>>> print(open('entry_33.csv').read())   # CSV, C-alpha atoms
chain,number,residue,atom,x,y,z
A,247,MET,CA,-19.6,-0.8,26.6
A,248,PRO,CA,-16.8,-2.5,24.7
A,249,ILE,CA,-16.6,-3.0,21.0
A,250,THR,CA,-17.7,-6.6,20.3
A,251,THR,CA,-17.1,-8.9,17.3
A,252,GLU,CA,-20.7,-8.1,16.2
A,253,ASP,CA,-19.9,-4.4,16.4
A,254,THR,CA,-16.8,-4.9,14.4
A,255,LEU,CA,-18.7,-6.8,11.6
A,256,ARG,CA,-21.4,-4.1,11.6
A,257,TRP,CA,-18.7,-1.4,11.3
A,258,LEU,CA,-17.1,-3.2,8.4
A,259,LYS,CA,-20.5,-3.4,6.6
A,260,GLN,CA,-21.2,0.3,7.2
A,261,LEU,CA,-17.7,1.2,6.1
A,262,ALA,CA,-18.1,-0.7,2.9
A,263,GLN,CA,-21.3,1.1,2.3
A,264,ALA,CA,-19.8,4.5,3.1
A,265,LEU,CA,-16.9,3.8,0.7
A,266,HIS,CA,-19.3,2.8,-2.0
A,267,GLU,CA,-21.4,5.9,-1.5
A,268,ASN,CA,-18.3,8.1,-1.5
A,269,ARG,CA,-16.7,6.2,-4.4
A,270,ASP,CA,-17.1,9.1,-6.8
A,271,TYR,CA,-16.2,11.7,-4.2
A,272,LEU,CA,-12.9,10.0,-3.3
A,273,THR,CA,-12.1,9.5,-7.0
A,274,GLN,CA,-12.8,13.2,-7.6
A,275,LEU,CA,-10.4,14.1,-4.8
A,276,ASP,CA,-7.8,11.8,-6.3
A,277,SER,CA,-8.2,13.1,-9.8
A,278,PRO,CA,-6.4,16.5,-9.6
A,279,ILE,CA,-3.5,15.2,-7.5
A,280,GLY,CA,-3.4,11.4,-8.1
A,281,ASP,CA,-4.4,8.7,-10.5
A,282,ALA,CA,-8.1,9.1,-10.0
A,283,ASP,CA,-8.6,5.6,-8.7
A,284,HIS,CA,-8.8,5.9,-4.9
A,285,GLY,CA,-12.6,5.6,-4.7
A,286,ILE,CA,-12.7,2.8,-7.2
A,287,ASN,CA,-9.9,0.9,-5.4
A,288,MET,CA,-11.4,1.3,-1.9
A,289,ASP,CA,-14.8,0.3,-3.1
A,290,ARG,CA,-13.4,-2.8,-4.8
A,291,GLY,CA,-11.4,-3.8,-1.7
A,292,PHE,CA,-14.3,-3.4,0.7
A,293,LYS,CA,-16.7,-5.1,-1.6
A,294,ALA,CA,-14.4,-8.1,-1.4
A,295,VAL,CA,-14.3,-7.6,2.4
A,296,THR,CA,-18.2,-7.6,2.5
A,297,GLU,CA,-18.2,-10.9,0.6
A,298,LYS,CA,-16.1,-12.4,3.4
A,299,LEU,CA,-18.2,-11.1,6.3
A,300,PRO,CA,-20.2,-14.3,6.7
A,301,ALA,CA,-17.0,-16.3,7.0
A,302,MET,CA,-15.8,-13.8,9.6
A,303,ALA,CA,-18.8,-14.3,11.9
A,304,SER,CA,-17.1,-17.0,14.0
A,305,MET,CA,-13.8,-15.2,14.3
A,306,ASP,CA,-12.2,-13.1,17.1
A,307,ILE,CA,-11.7,-9.4,16.4
A,308,GLY,CA,-7.9,-9.9,15.7
A,309,SER,CA,-8.7,-12.5,13.1
A,310,ILE,CA,-11.4,-10.4,11.5
A,311,LEU,CA,-9.0,-7.4,11.2
A,312,LYS,CA,-6.3,-9.6,9.8
A,313,THR,CA,-8.7,-11.1,7.2
A,314,VAL,CA,-9.6,-7.6,6.2
A,315,GLY,CA,-5.9,-6.7,5.8
A,316,THR,CA,-5.1,-9.7,3.6
A,317,THR,CA,-8.2,-9.1,1.5
A,318,LEU,CA,-7.3,-5.4,0.9
A,319,VAL,CA,-3.7,-6.3,0.0
A,320,SER,CA,-4.9,-8.7,-2.7
A,321,THR,CA,-7.8,-6.7,-4.1
A,322,VAL,CA,-7.1,-2.9,-3.9
A,323,GLY,CA,-4.4,-2.5,-6.5
A,324,GLY,CA,-3.3,1.0,-5.7
A,325,ALA,CA,-1.1,2.4,-2.9
A,326,SER,CA,-4.0,2.1,-0.4
A,327,GLY,CA,-3.9,-1.7,-0.7
A,328,PRO,CA,-0.5,-2.2,0.9
A,329,LEU,CA,-1.1,0.8,3.2
A,330,TYR,CA,-4.6,-0.1,4.6
A,331,GLY,CA,-3.7,-3.8,4.3
A,332,THR,CA,-0.7,-3.3,6.6
A,333,ALA,CA,-2.8,-1.1,8.9
A,334,PHE,CA,-5.5,-3.8,9.3
A,335,LEU,CA,-2.9,-6.6,9.7
A,336,ARG,CA,-1.1,-4.7,12.4
A,337,ALA,CA,-4.4,-3.7,14.1
A,338,GLY,CA,-5.3,-7.4,14.0
A,339,MET,CA,-2.0,-8.4,15.6
A,340,ALA,CA,-2.6,-5.9,18.4
A,341,THR,CA,-6.1,-7.3,19.1
A,342,SER,CA,-5.2,-11.0,18.6
A,343,GLY,CA,-7.7,-13.4,20.2
A,344,LYS,CA,-9.9,-10.6,21.6
A,345,LEU,CA,-13.7,-10.8,21.6
A,346,GLU,CA,-14.2,-7.3,23.1
A,347,LEU,CA,-12.2,-4.1,22.9
A,348,TYR,CA,-12.0,-1.5,25.6
A,349,GLU,CA,-10.4,2.0,25.6
A,350,ALA,CA,-6.8,0.8,25.9
A,351,ASP,CA,-7.4,-1.9,23.2
A,352,PHE,CA,-8.7,0.8,20.8
A,353,VAL,CA,-5.7,3.1,21.5
A,354,GLY,CA,-3.3,0.2,21.0
A,355,MET,CA,-5.0,-0.9,17.8
A,356,LEU,CA,-5.0,2.6,16.3
A,357,GLU,CA,-1.4,3.1,17.3
A,358,ALA,CA,-0.4,-0.2,15.7
A,359,ALA,CA,-2.3,0.6,12.5
A,360,LEU,CA,-0.7,4.1,12.2
A,361,GLU,CA,2.8,2.8,12.9
A,362,GLY,CA,2.2,0.2,10.1
A,363,ILE,CA,1.1,2.8,7.6
A,364,LYS,CA,4.1,5.0,8.5
A,365,ALA,CA,6.5,2.1,8.2
A,366,ARG,CA,5.0,0.9,4.9
A,367,GLY,CA,4.7,4.3,3.3
A,368,LYS,CA,7.9,5.7,5.0
A,369,ALA,CA,5.6,8.7,5.8
A,370,GLN,CA,5.6,11.3,8.5
A,371,PRO,CA,2.9,13.8,9.5
A,372,GLY,CA,2.7,16.9,7.2
A,373,GLU,CA,3.2,15.1,3.9
A,374,LYS,CA,-0.4,15.2,2.8
A,375,THR,CA,-1.3,11.6,3.4
A,376,MET,CA,-3.6,9.4,5.6
A,377,VAL,CA,-1.0,9.9,8.3
A,378,ASP,CA,-2.3,13.4,8.7
A,379,ALA,CA,-5.8,12.2,9.6
A,380,LEU,CA,-4.7,9.3,11.8
A,381,THR,CA,-2.0,11.0,13.8
A,382,PRO,CA,-4.4,13.6,15.4
A,383,ALA,CA,-7.0,10.8,15.8
A,384,LEU,CA,-4.6,8.8,17.9
A,385,ALA,CA,-3.7,11.8,20.0
A,386,ALA,CA,-7.3,12.5,20.6
A,387,ALA,CA,-7.9,8.9,21.6
A,388,LYS,CA,-5.0,9.0,24.0
A,389,GLU,CA,-6.3,12.2,25.5
A,390,ALA,CA,-9.8,10.7,25.9
A,391,GLU,CA,-8.2,7.7,27.6
A,392,ALA,CA,-6.3,9.9,30.1
A,393,GLN,CA,-9.5,11.8,30.9
A,394,ASN,CA,-11.6,8.6,31.3
A,395,LEU,CA,-14.2,9.7,28.8
A,396,GLY,CA,-15.3,6.2,27.9
A,397,LEU,CA,-15.1,4.4,24.6
A,398,SER,CA,-18.0,6.0,22.9
A,399,GLN,CA,-16.6,9.5,23.4
A,400,MET,CA,-13.1,8.3,22.5
A,401,LEU,CA,-14.3,7.0,19.1
A,402,ARG,CA,-16.2,10.3,18.4
A,403,ARG,CA,-13.2,12.4,19.4
A,404,ALA,CA,-10.9,10.3,17.3
A,405,SER,CA,-13.2,10.7,14.3
A,406,ASP,CA,-13.6,14.5,14.8
A,407,ALA,CA,-9.8,14.9,15.1
A,408,ALA,CA,-9.3,12.9,11.9
A,409,GLU,CA,-11.8,15.2,10.2
A,410,VAL,CA,-9.8,18.3,11.3
A,411,GLY,CA,-6.6,16.6,10.2
A,412,MET,CA,-8.1,15.7,6.8
A,413,LYS,CA,-9.2,19.3,6.2
A,414,ALA,CA,-5.7,20.5,7.2
A,415,THR,CA,-4.2,18.5,4.3
A,416,ILE,CA,-5.7,21.1,1.9
A,417,PRO,CA,-2.9,23.7,2.1
A,418,LEU,CA,-0.1,21.0,2.3
A,419,LEU,CA,2.5,20.3,-0.3
A,420,ALA,CA,2.5,16.6,-1.2
A,421,THR,CA,5.9,14.9,-0.8
A,422,LYS,CA,4.6,11.3,-0.9
A,423,GLY,CA,2.8,9.3,-3.5
A,424,ARG,CA,1.6,10.2,-7.0
A,425,ALA,CA,0.6,13.7,-5.8
A,426,SER,CA,4.3,14.5,-5.1
A,427,TYR,CA,4.9,14.5,-8.9
A,428,LEU,CA,2.7,17.6,-9.1
A,429,GLY,CA,4.9,19.6,-6.7
A,430,GLU,CA,3.3,22.9,-5.8
A,431,ARG,CA,0.2,22.1,-7.9
A,432,SER,CA,-0.8,19.6,-5.1
A,433,ILE,CA,-1.5,22.6,-2.8
A,434,GLY,CA,-5.2,23.5,-2.4
A,435,HIS,CA,-6.5,19.9,-2.7
A,436,GLN,CA,-7.7,17.7,0.1
A,437,ASP,CA,-5.9,14.4,0.3
A,438,PRO,CA,-8.0,11.4,-0.7
A,439,GLY,CA,-6.2,9.0,1.6
A,440,ALA,CA,-6.7,11.2,4.6
A,441,THR,CA,-10.4,11.4,3.6
A,442,SER,CA,-10.9,7.6,3.5
A,443,SER,CA,-9.1,7.4,6.8
A,444,TRP,CA,-11.6,9.8,8.3
A,445,LEU,CA,-14.5,7.8,6.8
A,446,LEU,CA,-13.0,4.7,8.5
A,447,LEU,CA,-13.1,6.4,11.9
A,448,LYS,CA,-16.4,8.1,11.4
A,449,THR,CA,-18.2,4.9,10.5
A,450,LEU,CA,-16.5,3.3,13.6
A,451,ALA,CA,-17.9,6.0,15.9
A,452,ASP,CA,-21.3,5.9,14.2
A,453,SER,CA,-21.7,2.1,14.4
A,454,CYS,CA,-20.0,1.4,17.8
A,455,GLY,CA,-20.3,4.8,19.6
B,14,MET,CA,22.1,-19.9,-13.5
B,15,THR,CA,22.1,-16.2,-13.6
B,16,VAL,CA,20.5,-13.5,-11.5
B,17,GLY,CA,16.7,-13.4,-12.2
B,18,LEU,CA,14.8,-10.3,-13.1
B,19,VAL,CA,11.3,-9.2,-12.2
B,20,ILE,CA,9.6,-6.3,-14.0
B,21,VAL,CA,6.8,-4.6,-12.0
B,22,SER,CA,4.6,-2.0,-13.6
B,23,HIS,CA,1.2,-0.5,-13.1
B,24,SER,CA,0.6,-1.5,-16.8
B,25,ALA,CA,0.7,-5.1,-18.0
B,26,ARG,CA,1.6,-3.9,-21.5
B,27,LEU,CA,4.5,-1.7,-20.1
B,28,ALA,CA,5.8,-4.6,-18.1
B,29,GLU,CA,5.7,-6.9,-21.1
B,30,GLY,CA,7.4,-4.4,-23.3
B,31,VAL,CA,10.2,-3.7,-20.9
B,32,ALA,CA,10.7,-7.5,-20.5
B,33,GLU,CA,10.8,-7.8,-24.3
B,34,LEU,CA,13.5,-5.1,-24.5
B,35,ALA,CA,15.5,-6.6,-21.7
B,36,GLY,CA,15.1,-10.1,-23.1
B,37,GLN,CA,16.6,-9.0,-26.4
B,38,MET,CA,19.7,-7.9,-24.6
B,39,ALA,CA,19.9,-11.0,-22.5
B,40,GLN,CA,19.6,-13.4,-25.5
B,41,GLY,CA,17.7,-16.0,-23.5
B,42,LYS,CA,20.3,-16.4,-20.8
B,43,VAL,CA,18.3,-14.6,-18.1
B,44,ALA,CA,15.0,-15.6,-16.5
B,45,ILE,CA,12.8,-12.5,-16.7
B,46,ALA,CA,9.2,-12.5,-15.2
B,47,VAL,CA,6.6,-9.7,-15.3
B,48,ALA,CA,4.0,-8.5,-12.9
B,49,GLY,CA,2.0,-5.8,-14.6
B,50,GLY,CA,-1.4,-4.4,-13.6
B,51,THR,CA,-3.9,-5.7,-11.1
B,52,ALA,CA,-5.5,-9.2,-11.0
B,53,GLU,CA,-8.5,-7.7,-12.9
B,54,GLY,CA,-6.3,-6.4,-15.6
B,55,THR,CA,-6.7,-2.7,-14.7
B,56,LEU,CA,-3.8,-0.3,-14.1
B,57,GLY,CA,-2.3,-0.9,-10.7
B,58,THR,CA,-0.1,-3.4,-8.9
B,59,SER,CA,-0.8,-6.8,-7.4
B,60,VAL,CA,1.1,-8.2,-4.5
B,61,GLU,CA,0.1,-11.7,-5.6
B,62,LYS,CA,1.3,-11.2,-9.2
B,63,ILE,CA,4.6,-9.9,-7.9
B,64,LEU,CA,5.0,-12.9,-5.6
B,65,SER,CA,4.2,-15.3,-8.4
B,66,ALA,CA,6.8,-13.5,-10.6
B,67,LEU,CA,9.4,-13.8,-7.9
B,68,GLN,CA,8.7,-17.6,-7.6
B,69,GLN,CA,9.0,-18.0,-11.4
B,70,VAL,CA,12.6,-16.7,-11.5
B,71,ASP,CA,13.7,-17.8,-8.1
B,72,GLY,CA,17.2,-19.2,-8.1
B,73,PRO,CA,20.5,-19.4,-6.0
B,74,GLU,CA,21.9,-16.2,-7.7
B,75,GLY,CA,19.0,-14.1,-6.4
B,76,ILE,CA,16.6,-11.7,-8.0
B,77,LEU,CA,16.6,-8.0,-8.9
B,78,VAL,CA,13.2,-6.3,-9.1
B,79,LEU,CA,12.8,-3.3,-11.4
B,80,LEU,CA,9.6,-1.2,-11.0
B,81,ASP,CA,7.8,1.9,-12.3
B,82,LEU,CA,6.0,4.2,-9.8
B,83,GLY,CA,4.7,4.8,-6.4
B,84,SER,CA,2.6,1.9,-5.1
B,85,ALA,CA,4.7,-0.5,-7.1
B,86,VAL,CA,7.4,0.0,-4.4
B,87,MET,CA,5.0,-0.9,-1.5
B,88,ALA,CA,3.4,-3.8,-3.3
B,89,THR,CA,6.8,-5.2,-4.1
B,90,GLU,CA,8.0,-4.8,-0.5
B,91,MET,CA,5.0,-6.8,0.7
B,92,ALA,CA,5.6,-9.5,-1.9
B,93,VAL,CA,9.3,-9.7,-1.0
B,94,GLU,CA,8.4,-10.1,2.7
B,95,ALA,CA,6.0,-12.9,1.8
B,96,PHE,CA,8.6,-14.5,-0.5
B,97,ALA,CA,11.3,-14.3,2.1
B,98,GLN,CA,9.2,-16.4,4.5
B,99,ASP,CA,9.9,-19.6,2.6
B,100,GLN,CA,12.8,-18.7,0.3
B,101,ARG,CA,16.4,-18.1,1.3
B,102,HIS,CA,17.4,-16.5,-2.0
B,103,HIS,CA,18.2,-12.8,-1.9
B,104,VAL,CA,16.0,-10.2,-3.5
B,105,ILE,CA,17.0,-6.6,-4.2
B,106,ILE,CA,14.5,-3.9,-5.2
B,107,SER,CA,16.2,-1.5,-7.6
B,108,PRO,CA,15.8,2.3,-7.5
B,109,ALA,CA,16.7,2.4,-11.2
B,110,PRO,CA,14.5,4.0,-13.9
B,111,LEU,CA,12.6,1.0,-15.3
B,112,VAL,CA,13.6,0.8,-18.9
B,113,GLU,CA,17.3,1.7,-18.6
B,114,GLY,CA,17.6,-0.3,-15.4
B,115,ALA,CA,16.0,-3.4,-16.9
B,116,VAL,CA,18.2,-3.3,-20.0
B,117,ILE,CA,21.5,-2.8,-18.1
B,118,ALA,CA,20.4,-5.5,-15.5
B,119,ALA,CA,19.7,-8.0,-18.3
B,120,VAL,CA,23.2,-7.4,-19.9
B,121,GLU,CA,25.0,-7.6,-16.5
B,122,ALA,CA,23.0,-10.7,-15.5
B,123,SER,CA,23.6,-12.4,-18.8
B,124,ILE,CA,27.4,-12.3,-18.4
B,125,GLY,CA,27.1,-14.0,-15.1
B,126,ASN,CA,27.6,-11.1,-12.7
B,127,SER,CA,26.5,-11.4,-9.1
B,128,LEU,CA,23.3,-9.9,-7.8
B,129,GLN,CA,25.2,-7.1,-6.1
B,130,GLN,CA,27.0,-6.2,-9.4
B,131,VAL,CA,23.8,-6.4,-11.4
B,132,ALA,CA,22.0,-4.2,-8.8
B,133,GLU,CA,24.8,-1.6,-8.8
B,134,ALA,CA,24.9,-1.4,-12.5
B,135,ALA,CA,21.2,-1.0,-12.8
B,136,ALA,CA,21.2,1.7,-10.1
B,137,SER,CA,23.6,3.7,-12.2
B,138,ALA,CA,21.3,3.6,-15.2
B,139,HIS,CA,20.2,7.2,-14.8
B,140,THR,CA,23.7,8.2,-15.8
B,141,LEU,CA,23.3,6.6,-19.2
B,142,PRO,CA,23.7,9.2,-22.0
B,143,LYS,CA,20.5,10.1,-23.6
B,144,GLY,CA,19.8,12.9,-26.1
B,145,ARG,CA,20.9,16.4,-25.1
B,146,ASN,CA,22.4,15.2,-21.9
B,147,ARG,CA,25.1,13.2,-23.6
B,148,ASP,CA,27.9,15.7,-23.0
B,149,ARG,CA,27.3,15.8,-19.2
>>> encode(input="entry_33.csv", output="structure tokens")
Amino acid sequence: MPITTEDTLRWLKQLAQALHENRDYLTQLDSPIGDADHGINMDRGFKAVTEKLPAMASMDIGSILKTVGTTLVSTVGGASGPLYGTAFLRAGMATSGKLELYEADFVGMLEAALEGIKARGKAQPGEKTMVDALTPALAAAKEAEAQNLGLSQMLRRASDAAEVGMKATIPLLATKGRASYLGERSIGHQDPGATSSWLLLKTLADSCG
Amino acid sequence: MTVGLVIVSHSARLAEGVAELAGQMAQGKVAIAVAGGTAEGTLGTSVEKILSALQQVDGPEGILVLLDLGSAVMATEMAVEAFAQDQRHHVIISPAPLVEGAVIAAVEASIGNSLQQVAEAAASAHTLPKGRNRDR
């Protein structure tokens, strides 16, 4: 079963809800190593996305994702605005005109999003960022594609790999973003950006898997 | 026309204050625009505010952007990309410390130096003598 435009809209709604529920948690994670605004920023951005959902009902998946991207860029305010904004814009370009997404489409979309984040943030794996959740997720999706596991399994494995990657940010030393100003004091904390990236993939697996 | 300056900060008050300091040095000869805080007035950066500031000081001599921290860089890059779609005038994002960089840039721009010269002078701002480091 492919991901349809209805699935995409349902996912965005669930994601907005999950970000709202985890608003304080994300902000707590951001408080020792950042500027304590990640939960607030993500909630604000996806609240704005939710308001645009009715207008997105007639769009193809690429246009939906691009609309999410521009909305996040103009509403989030912190680093996650340009980063997730770029990710959704790139994902939208990769799925331009599509009404259904199959395994290869999802891999291409995730790859485009990750490349966008890496380019925008000039980030590489191991720097305690969202890249550390999304890189293993992409690898897991590619592996699932090679093994012909089907889309539902692919989404679940990507989400599980992102969770492992997210937890693996705890012992890392931050060299990007506000956390890098803390130097070694950033060690021992889970990265909030990696956490929201996992939530993004988890809600996708939950709502479309 | 001189090089235009854009001051980007997470804080609207910080951006205003830096523009005030730089403006004093430029004596009204340099167009300086600010983009501070988010659209809601909270701490943060706004791609739209930065884009609008770029449009305010746009001119043939180009624009130097000075900024504070972290996401200001990414938000500015996105604004510059959007700006470059319909404007030909050159924009440089300065790596300079905000206050010193803005003051030097204002002086350099006010005497009619080119964007390249203004950008280079601002980029050297961290070498300005300050307190105990003055003998270095």
>>> interface_residues(input="entry_33.csv", of="chain B", to="chain A", cutoff="12 Å", atoms="only C-alpha atoms", output="PyMOL selection string")
chain B and resi 22-24+49-64+81-92+94-95
>>> closest_atom_pairs(input="entry_33.csv", of="region 30-71 of chain B", to="region 116-134 of chain B", cutoff="8 Å", atoms="all atoms listed in the file", output="tab-separated table")
residue	atom	partner	partner_atom	distance
B:Leu34	CA	B:Val116	CA	6.8
B:Ala35	CA	B:Val116	CA	4.6
B:Gly36	CA	B:Ala119	CA	7.0
B:Met38	CA	B:Val120	CA	5.9
B:Ala39	CA	B:Ala119	CA	5.2
B:Gln40	CA	B:Ser123	CA	7.9
B:Lys42	CA	B:Ser123	CA	5.6
B:Val43	CA	B:Ser123	CA	5.8
>>> atom_distance(input="entry_33.csv", atom1="CA of Glu29 (chain B)", atom2="CA of Phe96 (chain B)")
22.1 Å
>>> residues_near_point(input="entry_33.csv", point="(-5.7, 6.7, 6.0)", cutoff="7 Å", atoms="all atoms listed in the file", output="PyMOL selection string")
chain A and resi 376-377+379-380+439-440+442-443
>>> atom_distance(input="entry_33.csv", atom1="CA of Ala358 (chain A)", atom2="CA of Leu272 (chain A)")
24.9 Å
>>> closest_residue(input="entry_33.csv", among="B:Ile106, B:Leu111, B:Ala138, B:Leu67", to="Gly30 (chain B)", atoms="all atoms listed in the file")
B:Leu111
>>> atom_distance(input="entry_33.csv", atom1="CA of Gly75 (chain B)", atom2="CA of Val104 (chain B)")
5.7 Å
>>> residues_around(input="entry_33.csv", residues="Ile279 (chain A)", least_positions_apart="5", cutoff="10 Å", atoms="all atoms listed in the file", output="PyMOL selection string")
chain A and resi 274+420+423-429+431-438
>>> residues_near_point(input="entry_33.csv", point="(-11.2, 0.5, -1.3)", cutoff="8 Å", atoms="all atoms listed in the file", output="list in words")
Leu265, His284, Gly285, Ile286, Asn287, Met288, Asp289, Arg290, Gly291, Phe292, Lys293, Leu318, Val322, Ser326 and Gly327 of chain A
>>> residues_around(input="entry_33.csv", residues="Asp71 (chain B)", least_positions_apart="3", cutoff="12 Å", atoms="only C-alpha atoms", output="JSON, numbers by chain")
{"B": [14, 15, 16, 17, 18, 19, 43, 44, 45, 46, 64, 65, 66, 67, 68, 74, 75, 76, 77, 78, 93, 96, 97, 99, 100, 101, 102, 103, 104]}
>>> closest_residue(input="entry_33.csv", among="A:Thr421, A:Glu349, A:Lys374, A:Leu299", to="Gln393 (chain A)", atoms="all atoms listed in the file")
A:Glu349
>>> closest_residue(input="entry_33.csv", among="A:Ala407, A:Leu397, A:Ala365, A:Ala333", to="Leu347 (chain A)", atoms="all atoms listed in the file")
A:Leu397
